[in-house]
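One file, data-v5.cif, is given below (mmCIF, C-alpha atoms).
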```cif
data_work
loop_
_atom_site.label_atom_id
_atom_site.label_comp_id
_atom_site.auth_asym_id
_atom_site.auth_seq_id
_atom_site.Cartn_x
_atom_site.Cartn_y
_atom_site.Cartn_z
CA MET D 1 0.00 0.00 0.00
CA LYS D 2 1.23 3.48 -0.83
CA ALA D 3 0.30 6.23 1.60
CA SER D 4 -0.69 8.60 -1.22
CA GLN D 5 -3.36 6.08 -2.28
CA PHE D 6 -4.51 5.31 1.26
CA TYR D 7 -6.32 7.43 3.85
CA ILE D 8 -4.40 8.48 6.96
CA SER D 9 -6.04 11.09 9.16
CA THR D 10 -4.12 11.70 12.39
CA LEU D 11 -4.67 14.30 15.11
CA LYS D 12 -2.19 16.02 17.41
CA GLU D 13 -4.66 16.07 20.30
CA ALA D 14 -7.41 13.70 21.40
CA PRO D 15 -10.89 15.03 22.33
CA GLN D 16 -11.45 15.85 26.00
CA GLU D 17 -13.96 13.04 26.53
CA ALA D 18 -11.29 10.44 25.65
CA GLU D 19 -10.20 9.23 29.10
CA LEU D 20 -8.35 5.98 28.50
CA VAL D 21 -5.05 5.93 26.63
CA SER D 22 -6.46 3.45 24.11
CA HIS D 23 -9.39 5.77 23.34
CA GLN D 24 -7.07 8.75 22.95
CA LEU D 25 -4.65 6.94 20.67
CA MET D 26 -7.32 5.30 18.52
CA ILE D 27 -8.87 8.72 17.89
CA ARG D 28 -5.52 10.43 17.33
CA ALA D 29 -4.30 7.70 14.98
CA GLY D 30 -7.53 7.87 12.98
CA LEU D 31 -8.52 4.25 13.61
CA ILE D 32 -12.05 5.26 14.62
CA LYS D 33 -14.32 8.32 14.30
CA ARG D 34 -17.10 9.05 16.75
CA LEU D 35 -20.63 9.20 15.36
CA GLY D 36 -22.61 9.39 18.60
CA SER D 37 -22.61 8.13 22.16
CA GLY D 38 -20.96 4.70 22.09
CA LEU D 39 -21.07 4.61 18.27
CA TYR D 40 -17.91 4.64 16.12
CA SER D 41 -17.06 4.36 12.45
CA TRP D 42 -14.09 2.14 11.69
CA MET D 43 -11.77 4.03 9.37
CA PRO D 44 -9.50 2.23 6.87
CA LEU D 45 -6.58 1.96 9.31
CA GLY D 46 -8.74 0.71 12.16
CA LEU D 47 -10.58 -1.72 9.92
CA ARG D 48 -7.27 -3.29 8.88
CA VAL D 49 -6.53 -4.00 12.55
CA LEU D 50 -10.03 -5.35 13.13
CA LYS D 51 -9.85 -7.67 10.12
CA LYS D 52 -6.46 -9.05 11.19
CA ILE D 53 -7.94 -10.00 14.55
CA GLU D 54 -10.95 -11.57 12.83
CA THR D 55 -8.62 -13.60 10.58
CA ILE D 56 -6.74 -15.03 13.57
CA ILE D 57 -10.01 -15.91 15.28
CA ARG D 58 -11.43 -17.55 12.14
CA GLU D 59 -8.32 -19.63 11.54
CA GLU D 60 -8.22 -20.97 15.09
CA MET D 61 -11.97 -21.56 15.32
CA ASN D 62 -11.89 -23.43 12.00
CA ASN D 63 -8.90 -25.46 13.20
CA ALA D 64 -10.95 -26.42 16.26
CA GLY D 65 -13.74 -27.77 14.05
CA ALA D 66 -16.23 -24.93 14.55
CA LEU D 67 -18.50 -23.99 11.63
CA GLU D 68 -19.05 -20.36 10.67
CA LEU D 69 -22.51 -19.00 9.96
CA LEU D 70 -24.15 -15.58 10.15
CA MET D 71 -27.38 -14.91 12.03
CA PRO D 72 -29.66 -11.87 11.76
CA ALA D 73 -28.84 -8.92 13.99
CA ILE D 74 -32.56 -8.17 14.38
CA GLN D 75 -34.43 -10.75 16.47
CA PRO D 76 -38.19 -11.19 17.12
CA LYS D 77 -39.59 -10.71 20.60
CA GLU D 78 -41.24 -14.14 20.54
CA LEU D 79 -37.91 -15.98 20.74
CA TRP D 80 -36.85 -14.04 23.81
CA GLU D 81 -40.21 -14.66 25.47
CA GLU D 82 -39.63 -18.41 25.18
CA THR D 83 -36.63 -18.09 27.50
CA ASN D 84 -38.20 -15.33 29.64
CA ARG D 85 -35.35 -12.98 28.81
CA TRP D 86 -37.31 -10.24 27.03
CA ASP D 87 -37.79 -8.48 30.35
CA VAL D 88 -34.96 -10.08 32.34
CA PHE D 89 -32.21 -8.80 30.04
CA GLY D 90 -33.18 -5.31 31.07
CA PRO D 91 -32.72 -1.87 29.52
CA GLN D 92 -29.48 -2.93 27.79
CA MET D 93 -31.67 -4.38 25.05
CA LEU D 94 -32.57 -2.00 22.24
CA LYS D 95 -36.20 -2.77 21.41
CA ILE D 96 -37.70 -1.70 18.09
CA SER D 97 -40.91 -2.28 16.16
CA ASP D 98 -41.61 -2.68 12.45
CA ARG D 99 -44.40 -1.09 10.41
CA HIS D 100 -46.83 -3.74 11.64
CA ASP D 101 -46.01 -2.90 15.28
CA ARG D 102 -44.30 -6.24 15.80
CA LEU D 103 -41.56 -6.03 18.42
CA PHE D 104 -37.94 -6.92 17.76
CA CYS D 105 -34.59 -6.28 19.38
CA TYR D 106 -31.17 -5.46 18.01
CA GLY D 107 -29.40 -8.61 19.19
CA PRO D 108 -27.17 -8.20 22.24
CA THR D 109 -26.44 -11.95 22.05
CA HIS D 110 -27.70 -14.93 20.04
CA GLU D 111 -28.54 -17.87 22.31
CA GLU D 112 -32.21 -17.81 21.31
CA VAL D 113 -31.55 -17.51 17.58
CA ILE D 114 -29.01 -20.35 17.41
CA THR D 115 -31.23 -22.60 19.55
CA ASP D 116 -34.13 -21.92 17.18
CA ILE D 117 -31.96 -22.92 14.22
CA VAL D 118 -30.71 -26.10 15.85
CA ARG D 119 -34.11 -27.29 17.12
CA LYS D 120 -35.34 -27.17 13.52
CA GLU D 121 -32.24 -28.79 11.99
CA ILE D 122 -30.82 -31.29 14.48
CA LYS D 123 -32.95 -34.36 15.26
CA SER D 124 -30.60 -37.23 16.06
CA TYR D 125 -27.64 -37.95 18.34
CA LYS D 126 -25.76 -38.83 15.13
CA GLN D 127 -25.69 -35.13 14.22
CA LEU D 128 -24.07 -34.15 17.53
CA PRO D 129 -21.83 -32.60 18.71
CA VAL D 130 -21.80 -29.47 16.56
CA ASN D 131 -20.27 -26.03 17.17
CA PHE D 132 -21.44 -22.96 15.21
CA TYR D 133 -19.81 -19.52 15.35
CA GLN D 134 -20.22 -16.08 13.85
CA ILE D 135 -18.41 -12.73 13.85
CA GLN D 136 -21.04 -10.02 13.92
CA THR D 137 -22.08 -6.62 15.20
CA LYS D 138 -24.00 -6.54 18.50
CA PHE D 139 -25.77 -3.74 20.33
CA ARG D 140 -26.14 -3.25 24.08
CA ASP D 141 -27.54 0.03 25.35
CA GLU D 142 -24.93 0.82 27.98
CA ILE D 143 -25.98 3.35 30.64
CA ARG D 144 -22.66 5.15 30.34
CA PRO D 145 -20.90 4.35 27.06
CA ARG D 146 -17.27 5.34 27.56
CA PHE D 147 -13.65 4.54 26.87
CA GLY D 148 -14.18 4.39 23.11
CA VAL D 149 -14.58 0.85 21.78
CA MET D 150 -13.80 -0.55 25.23
CA ARG D 151 -17.39 0.06 26.35
CA ALA D 152 -19.29 1.02 23.22
CA ARG D 153 -22.97 0.38 22.56
CA GLU D 154 -22.32 -1.13 19.13
CA PHE D 155 -19.42 -3.58 18.95
CA VAL D 156 -18.03 -6.54 17.01
CA MET D 157 -18.16 -9.93 18.71
CA LYS D 158 -17.31 -13.53 17.93
CA ASP D 159 -19.92 -15.77 19.52
CA SER D 160 -20.14 -19.52 19.17
CA TYR D 161 -22.55 -22.14 20.46
CA SER D 162 -22.02 -25.87 20.80
CA PHE D 163 -24.68 -28.60 21.14
CA HIS D 164 -24.16 -32.02 22.70
CA CYS D 165 -25.77 -35.31 23.71
CA ASP D 166 -24.37 -35.20 27.23
CA LEU D 167 -22.28 -33.28 29.73
CA GLU D 168 -19.13 -35.27 28.96
CA SER D 169 -19.26 -34.17 25.33
CA LEU D 170 -19.83 -30.55 26.39
CA LYS D 171 -16.79 -30.65 28.66
CA GLU D 172 -14.64 -31.93 25.81
CA THR D 173 -15.66 -29.02 23.55
CA TYR D 174 -15.40 -26.58 26.46
CA GLN D 175 -11.79 -27.62 27.00
CA LYS D 176 -11.14 -27.38 23.26
CA MET D 177 -12.52 -23.83 23.23
CA TYR D 178 -10.49 -22.96 26.33
CA ASP D 179 -7.34 -24.12 24.51
CA THR D 180 -8.41 -22.40 21.28
CA TYR D 181 -8.88 -19.09 23.08
CA LYS D 182 -5.37 -19.39 24.49
CA LYS D 183 -4.05 -19.94 20.95
CA ILE D 184 -5.97 -16.90 19.69
CA PHE D 185 -4.73 -14.56 22.40
CA ASP D 186 -1.18 -15.94 22.13
CA ARG D 187 -1.15 -15.30 18.37
CA ILE D 188 -2.45 -11.78 18.84
CA GLY D 189 0.34 -11.16 21.34
CA LEU D 190 -1.63 -10.34 24.50
CA ASN D 191 -0.57 -10.71 28.11
CA TYR D 192 -3.70 -12.32 29.54
CA ARG D 193 -5.02 -14.66 32.19
CA ALA D 194 -7.96 -17.09 32.25
CA VAL D 195 -10.02 -16.81 35.44
CA GLN D 196 -13.02 -18.58 36.94
CA ALA D 197 -16.10 -16.46 36.49
CA ASP D 198 -19.78 -15.98 37.30
CA ASN D 199 -22.20 -16.75 34.46
CA GLY D 200 -24.33 -13.65 35.03
CA ALA D 201 -27.31 -13.04 32.74
CA ILE D 202 -26.25 -15.76 30.28
CA GLY D 203 -26.88 -18.49 32.84
CA GLY D 204 -25.47 -22.01 33.06
CA ASP D 205 -23.09 -23.89 35.33
CA GLY D 206 -19.38 -23.16 34.80
CA SER D 207 -17.46 -20.41 33.02
CA HIS D 208 -14.07 -18.77 32.51
CA GLU D 209 -13.23 -15.21 31.57
CA PHE D 210 -10.10 -14.25 29.64
CA HIS D 211 -8.64 -10.98 30.88
CA VAL D 212 -5.95 -8.84 29.32
CA LEU D 213 -3.84 -7.61 32.23
CA ALA D 214 -3.74 -3.81 32.39
CA GLU D 215 -3.83 -1.22 35.16
CA SER D 216 -6.71 0.52 33.40
CA GLY D 217 -8.88 -2.61 33.51
CA GLU D 218 -12.36 -2.25 34.98
CA ASP D 219 -12.37 -5.75 36.47
CA GLU D 220 -10.55 -6.85 39.61
CA ILE D 221 -8.91 -10.25 39.35
CA VAL D 222 -7.69 -12.25 42.33
CA TYR D 223 -5.15 -15.06 42.18
CA ASP D 224 -3.18 -17.39 44.38
CA GLU D 225 0.57 -17.35 43.80
CA ASN D 226 0.84 -20.86 45.24
CA SER D 227 -1.72 -22.53 42.96
CA ASP D 228 -3.46 -22.25 39.57
CA PHE D 229 -6.44 -20.49 41.16
CA ALA D 230 -7.50 -17.24 39.50
CA ALA D 231 -10.99 -15.72 39.52
CA ASN D 232 -12.93 -12.52 39.20
CA ILE D 233 -13.88 -10.84 42.44
CA GLU D 234 -17.44 -12.25 42.46
CA VAL D 235 -16.24 -15.84 42.48
CA ALA D 236 -13.23 -15.30 44.75
CA LYS D 237 -15.24 -13.94 47.67
CA ASP D 238 -16.13 -17.55 48.58
CA HIS D 239 -12.54 -18.80 48.46
CA PRO D 240 -11.56 -20.37 51.84
CA ASN D 241 -8.20 -18.57 51.92
CA LYS D 242 -9.34 -15.19 50.38
CA GLN D 243 -7.18 -10.98 51.43
CA GLN D 244 -3.92 -14.54 51.09
CA LEU D 245 -5.07 -13.85 47.49
CA LYS D 246 -3.36 -11.15 45.41
CA THR D 247 -5.16 -8.78 43.05
CA CYS D 248 -4.58 -7.22 39.66
CA ARG D 249 -6.69 -5.38 37.07
CA GLY D 250 -8.00 -6.91 33.88
CA ILE D 251 -9.94 -6.13 30.72
CA GLU D 252 -12.33 -8.92 29.79
CA VAL D 253 -11.91 -9.92 26.13
CA GLY D 254 -13.37 -13.43 26.18
CA HIS D 255 -15.88 -15.52 28.13
CA ILE D 256 -16.79 -19.20 27.81
CA PHE D 257 -19.82 -20.87 29.42
CA GLN D 258 -21.13 -24.35 30.11
CA LEU D 259 -24.81 -23.56 29.59
CA GLY D 260 -26.23 -27.03 30.13
CA SER D 261 -29.87 -27.41 29.09
CA LYS D 262 -31.19 -23.98 30.13
CA TYR D 263 -32.04 -22.81 26.61
CA SER D 264 -32.75 -26.18 25.04
CA GLU D 265 -35.37 -27.00 27.68
CA ALA D 266 -36.99 -23.56 27.45
CA MET D 267 -37.15 -23.76 23.64
CA SER D 268 -37.70 -27.53 23.25
CA ALA D 269 -34.45 -28.13 21.38
CA GLU D 270 -34.43 -31.92 21.62
CA PHE D 271 -32.78 -34.90 19.90
CA ILE D 272 -33.45 -38.63 19.74
CA ASP D 273 -30.79 -40.57 21.64
CA GLN D 274 -29.46 -44.10 20.97
CA GLU D 275 -32.35 -45.64 22.89
CA GLY D 276 -34.92 -43.74 20.84
CA GLU D 277 -35.76 -41.36 23.67
CA SER D 278 -36.22 -37.60 23.22
CA ARG D 279 -33.83 -35.49 25.33
CA PRO D 280 -32.86 -31.80 25.52
CA MET D 281 -29.51 -30.89 23.99
CA ILE D 282 -26.66 -29.76 26.22
CA MET D 283 -25.18 -26.40 25.22
CA GLY D 284 -21.98 -24.40 25.50
CA CYS D 285 -21.43 -20.73 24.65
CA TYR D 286 -18.14 -18.98 23.80
CA GLY D 287 -17.65 -15.24 23.17
CA ILE D 288 -14.78 -12.92 22.21
CA GLY D 289 -15.00 -9.13 22.14
CA VAL D 290 -13.29 -8.57 18.79
CA SER D 291 -13.34 -4.77 18.73
CA ARG D 292 -12.50 -4.58 22.45
CA ILE D 293 -9.30 -6.56 21.85
CA ILE D 294 -7.81 -3.60 19.98
CA ALA D 295 -8.32 -1.24 22.92
CA ALA D 296 -7.02 -3.88 25.35
CA ALA D 297 -3.90 -4.46 23.24
CA ILE D 298 -3.18 -0.73 23.20
CA GLU D 299 -3.62 -0.46 26.97
CA GLN D 300 -0.78 -3.00 27.27
CA ASN D 301 1.41 -1.62 24.50
CA TYR D 302 2.04 2.13 24.19
CA ASP D 303 4.50 4.87 25.06
CA ALA D 304 4.60 8.66 24.92
CA ASP D 305 4.76 8.57 21.10
CA GLY D 306 1.79 6.31 20.43
CA MET D 307 0.76 2.69 20.08
CA ILE D 308 3.20 -0.24 20.04
CA LEU D 309 0.98 -2.85 18.44
CA PRO D 310 1.89 -6.54 18.16
CA LYS D 311 3.03 -7.39 14.64
CA SER D 312 0.08 -9.74 14.17
CA ILE D 313 -2.53 -6.96 14.38
CA ALA D 314 -0.66 -3.75 13.47
CA PRO D 315 -2.27 -1.93 10.51
CA PHE D 316 0.97 -2.55 8.60
CA GLU D 317 4.05 -4.58 9.52
CA VAL D 318 6.58 -2.28 7.83
CA ILE D 319 6.64 1.38 6.90
CA ILE D 320 9.18 2.80 4.46
CA THR D 321 9.93 6.49 5.14
CA PRO D 322 12.00 7.95 2.27
CA ILE D 323 13.48 11.41 2.88
CA GLY D 324 13.30 13.61 -0.23
CA MET D 325 11.56 11.04 -2.38
CA ASP D 326 9.71 13.78 -4.23
CA LYS D 327 13.00 15.52 -5.12
CA ASN D 328 15.50 12.71 -5.69
CA VAL D 329 14.93 10.23 -8.53
CA GLU D 330 17.36 7.66 -7.09
CA ILE D 331 15.68 7.69 -3.66
CA LYS D 332 12.32 7.26 -5.36
CA MET D 333 13.55 4.30 -7.41
CA ILE D 334 15.22 2.53 -4.45
CA SER D 335 12.17 3.12 -2.24
CA ASN D 336 9.81 1.68 -4.83
CA ASP D 337 12.12 -1.29 -5.45
CA LEU D 338 12.31 -2.07 -1.71
CA TYR D 339 8.55 -1.72 -1.42
CA GLU D 340 8.01 -4.21 -4.23
CA GLU D 341 10.61 -6.63 -2.87
CA LEU D 342 9.19 -6.67 0.66
CA THR D 343 5.64 -7.01 -0.64
CA ASN D 344 6.67 -9.98 -2.78
CA LEU D 345 8.31 -11.54 0.28
CA GLY D 346 4.94 -11.44 2.04
CA PHE D 347 5.39 -8.42 4.29
CA ASP D 348 2.45 -6.06 4.84
CA VAL D 349 4.13 -2.80 3.77
CA ILE D 350 3.15 0.84 3.45
CA LEU D 351 5.37 3.26 1.55
CA ASP D 352 5.04 6.85 2.76
CA ASP D 353 5.34 8.56 -0.64
CA ARG D 354 3.54 11.76 0.38
CA GLY D 355 6.69 13.93 0.45
CA LEU D 356 6.25 14.90 4.11
CA ARG D 357 8.99 16.23 6.39
CA PRO D 358 11.00 13.46 8.12
CA GLY D 359 9.75 14.44 11.59
CA VAL D 360 6.13 14.21 10.50
CA MET D 361 6.63 10.81 8.87
CA PHE D 362 8.44 9.42 11.91
CA SER D 363 5.84 10.78 14.34
CA GLU D 364 2.97 9.25 12.39
CA ALA D 365 4.74 5.90 12.10
CA ASP D 366 5.23 5.84 15.88
CA LEU D 367 1.66 6.95 16.58
CA LEU D 368 0.27 4.17 14.36
CA GLY D 369 2.35 1.54 16.14
CA ILE D 370 3.88 0.05 12.99
CA PRO D 371 6.47 -2.51 14.20
CA HIS D 372 9.24 -1.84 11.63
CA ARG D 373 10.40 1.46 10.11
CA ILE D 374 12.90 1.69 7.24
CA THR D 375 14.31 5.08 6.29
CA ILE D 376 16.02 5.85 2.98
CA SER D 377 17.96 9.10 2.50
CA GLU D 378 20.52 10.56 0.09
CA LYS D 379 23.41 9.73 2.46
CA LEU D 380 22.19 6.17 2.99
CA VAL D 381 21.77 5.63 -0.75
CA LYS D 382 25.42 6.56 -1.30
CA GLU D 383 26.42 3.98 1.33
CA SER D 384 24.02 1.33 -0.04
CA SER D 385 22.48 1.20 3.44
CA TYR D 386 19.13 1.52 5.17
CA GLU D 387 18.18 2.92 8.56
CA TYR D 388 16.10 0.42 10.50
CA LYS D 389 14.16 1.07 13.70
CA ALA D 390 11.90 -1.29 15.59
CA ARG D 391 8.91 0.49 17.14
CA SER D 392 9.61 -1.16 20.48
CA GLN D 393 13.20 0.15 20.58
CA SER D 394 14.48 3.67 21.11
CA LYS D 395 17.49 3.60 18.78
CA SER D 396 17.83 2.95 15.06
CA GLN D 397 20.48 0.88 13.29
CA ILE D 398 22.19 1.07 9.90
CA PHE D 399 21.97 -2.13 7.85
CA ASP D 400 22.84 -3.33 4.39
CA LYS D 401 20.11 -5.13 2.45
CA ALA D 402 20.94 -8.61 3.77
CA LYS D 403 20.96 -7.56 7.42
CA LEU D 404 17.81 -5.53 6.91
CA LEU D 405 15.91 -8.52 5.57
CA LYS D 406 17.23 -10.65 8.42
CA ALA D 407 16.04 -8.09 11.00
CA LEU D 408 12.56 -8.00 9.44
CA ALA D 409 12.33 -11.78 9.27
CA SER D 410 13.26 -12.16 12.94
#
```
Re-express the file's structure as structure tokens.
Amino acid sequence: MKASQFYISTLKEAPQEAELVSHQLMIRAGLIKRLGSGLYSWMPLGLRVLKKIETIIREEMNNAGALELLMPAIQPKELWEETNRWDVFGPQMLKISDRHDRLFCYGPTHEEVITDIVRKEIKSYKQLPVNFYQIQTKFRDEIRPRFGVMRAREFVMKDSYSFHCDLESLKETYQKMYDTYKKIFDRIGLNYRAVQADNGAIGGDGSHEFHVLAESGEDEIVYDENSDFAANIEVAKDHPNKQQLKTCRGIEVGHIFQLGSKYSEAMSAEFIDQEGESRPMIMGCYGIGVSRIIAAAIEQNYDADGMILPKSIAPFEVIITPIGMDKNVEIKMISNDLYEELTNLGFDVILDDRGLRPGVMFSEADLLGIPHRITISEKLVKESSYEYKARSQSKSQIFDKAKLLKALAS
């Protein structure tokens, strides 16, 4: 990608209402633009980050045997009445009516919809287990939308739902999803912890939350240094050796549930077992806050100059910053050649060909959190060298082509 053909819209200052660092930097870097309270447009740079996270999630979910589908965002009231959640879910649910005065909601979650699909499609134990997932926009009418995409009203979520003959089968898939989530967050490059959690409004028996560790986190996590125990504060209050517990802050980015038969019984989602008897399916539910991951990653990775995004989700892996490209034919040729070479090698590269001052180019590259910066200048061209700087390091280095490629590959 060449910067002159892309859209980069950065700001020197963040708006006053941006409290968290992630909110400030996402606005300043032009990843998102505010439309209204808790509502944001994803600009080209931000969408690149979002899609990279979605790709990692899709690859790992597919590897785990889950099947992708896409359910409607708008859901009829009747489904929610079957589970008695139309009123229980509370004012977070955005309720709307069509021209015939039929009531619907903008889906905050999809347990009812997926259960309706499965009760019509799955009839025999031979069709189980099955695990469906989607990546889709949700809406929850937060009382106080804040912190940018961290607590927005409209957000992108990966939610999946598994159906089983028995509890043993559920536990097998639950463990597989637990392991899959660890692979996802490891690939993204997050410092996180899985903790025992309360099921809340979703219901069910057992659950784990996945928290990105950050001082700005809204959730308090407690853990025992002498064991594997870790839990959110609601669960930990019953621990026999609880204040012995230590605390830290976390940002919830994932939650997995063992739902049991709560929804299948309420909605008559049944199957015929090996003995020919009709039984309710056993369910699991697994969610990831896709858009929230970006804010959480920034809260862990930033400095005074901007974001320091993991390579896996940065908008670009490499930025080439030529000095005087618009005035020097040789610099222009070498910059374009390097851009083509790195692109052909599989790197995600942006060439800043806008003819900006060096300081402006460097500041924007740091703000955007691009992991690798390569500078080409008249002096460096004469020496057949390149200036390389990793975003996570304070000093740059001078490399020839071979060493440059080695540094990028490592």
Item checked: Separation of CA of Val349 in chain D from CA of Glu317 in chain D in Å -> 6.0 Å
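The nearest approach to Ile114 in chain D among the residues D:Ala152, D:Val318, D:Ile184, D:Met283, with all atoms listed in the file taken into account, belongs to D:Met283.
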Next item on the list: Can you pull out every residue within 12 Å of Lys95 in chain D, counting all atoms listed in the file, but drop anything in the same chain fewer than 6 positions away, and send it as a PyMOL selection string?
Entry: chain D and resi 74-77+80+86-87+89+101-108+139-141
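Minimum distance to Tyr161 in chain D across D:Leu259, D:Leu380, D:Leu342, D:Leu94 (counting all atoms listed in the file) occurs at D:Leu259.
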Check: CA of Ala14 in chain D to CA of Leu31 in chain D: how many Å, to one decimal?
Finding: 12.3 Å
Check: Which is closer to Gly359 in chain D than all the others in D:Ser261, D:His164, D:Thr375, D:Tyr302, using only C-alpha atoms?
Finding: D:Thr375
Item checked: Closest of D:Tyr386, D:Asn84, D:Leu47, D:Gly38 to Leu338 in chain D - atom-to-atom distances counting only C-alpha atoms -> D:Tyr386
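The shortest atom-to-atom distance to Leu25 in chain D, with only C-alpha atoms taken into account, belongs to D:Gly369 out of D:Lys120, D:Ala269, D:Gly369, D:Lys403.
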Item checked: Nearest-residue call for Ala194 in chain D, choices D:Glu220, D:Ala230, D:Lys171, D:Met177, using only C-alpha atoms -> D:Ala230
Give as a PDB file with C-alpha atoms, keeping the file's coordinate frame each residue that has an atom at most 9 Å from (-15.0, 0.6, 27.6) in the file, counting all atoms listed in the file.
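part-v1.pdb, written as the output of this step:
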```pdb
ATOM      1  CA  LEU D  20      -8.350   5.980  28.500  1.00  0.00           C
ATOM      2  CA  HIS D  23      -9.390   5.770  23.340  1.00  0.00           C
ATOM      3  CA  PRO D 145     -20.900   4.350  27.060  1.00  0.00           C
ATOM      4  CA  ARG D 146     -17.270   5.340  27.560  1.00  0.00           C
ATOM      5  CA  PHE D 147     -13.650   4.540  26.870  1.00  0.00           C
ATOM      6  CA  GLY D 148     -14.180   4.390  23.110  1.00  0.00           C
ATOM      7  CA  VAL D 149     -14.580   0.850  21.780  1.00  0.00           C
ATOM      8  CA  MET D 150     -13.800  -0.550  25.230  1.00  0.00           C
ATOM      9  CA  ARG D 151     -17.390   0.060  26.350  1.00  0.00           C
ATOM     10  CA  ALA D 152     -19.290   1.020  23.220  1.00  0.00           C
ATOM     11  CA  GLU D 218     -12.360  -2.250  34.980  1.00  0.00           C
ATOM     12  CA  ILE D 251      -9.940  -6.130  30.720  1.00  0.00           C
ATOM     13  CA  ARG D 292     -12.500  -4.580  22.450  1.00  0.00           C
ATOM     14  CA  ALA D 295      -8.320  -1.240  22.920  1.00  0.00           C
TER      15      ALA D 295
END
```
Item checked: Atomic distance CA of Leu11 in chain D - CA of Thr137 in chain D, expressed in Å with one decimal -> 27.2 Å
Next item on the list: Give as a count of residues only the residues that the PyMOL selection byres ((chain D and resi 54-61) around 10) matches when applied to the coordinates above.
Entry: 38
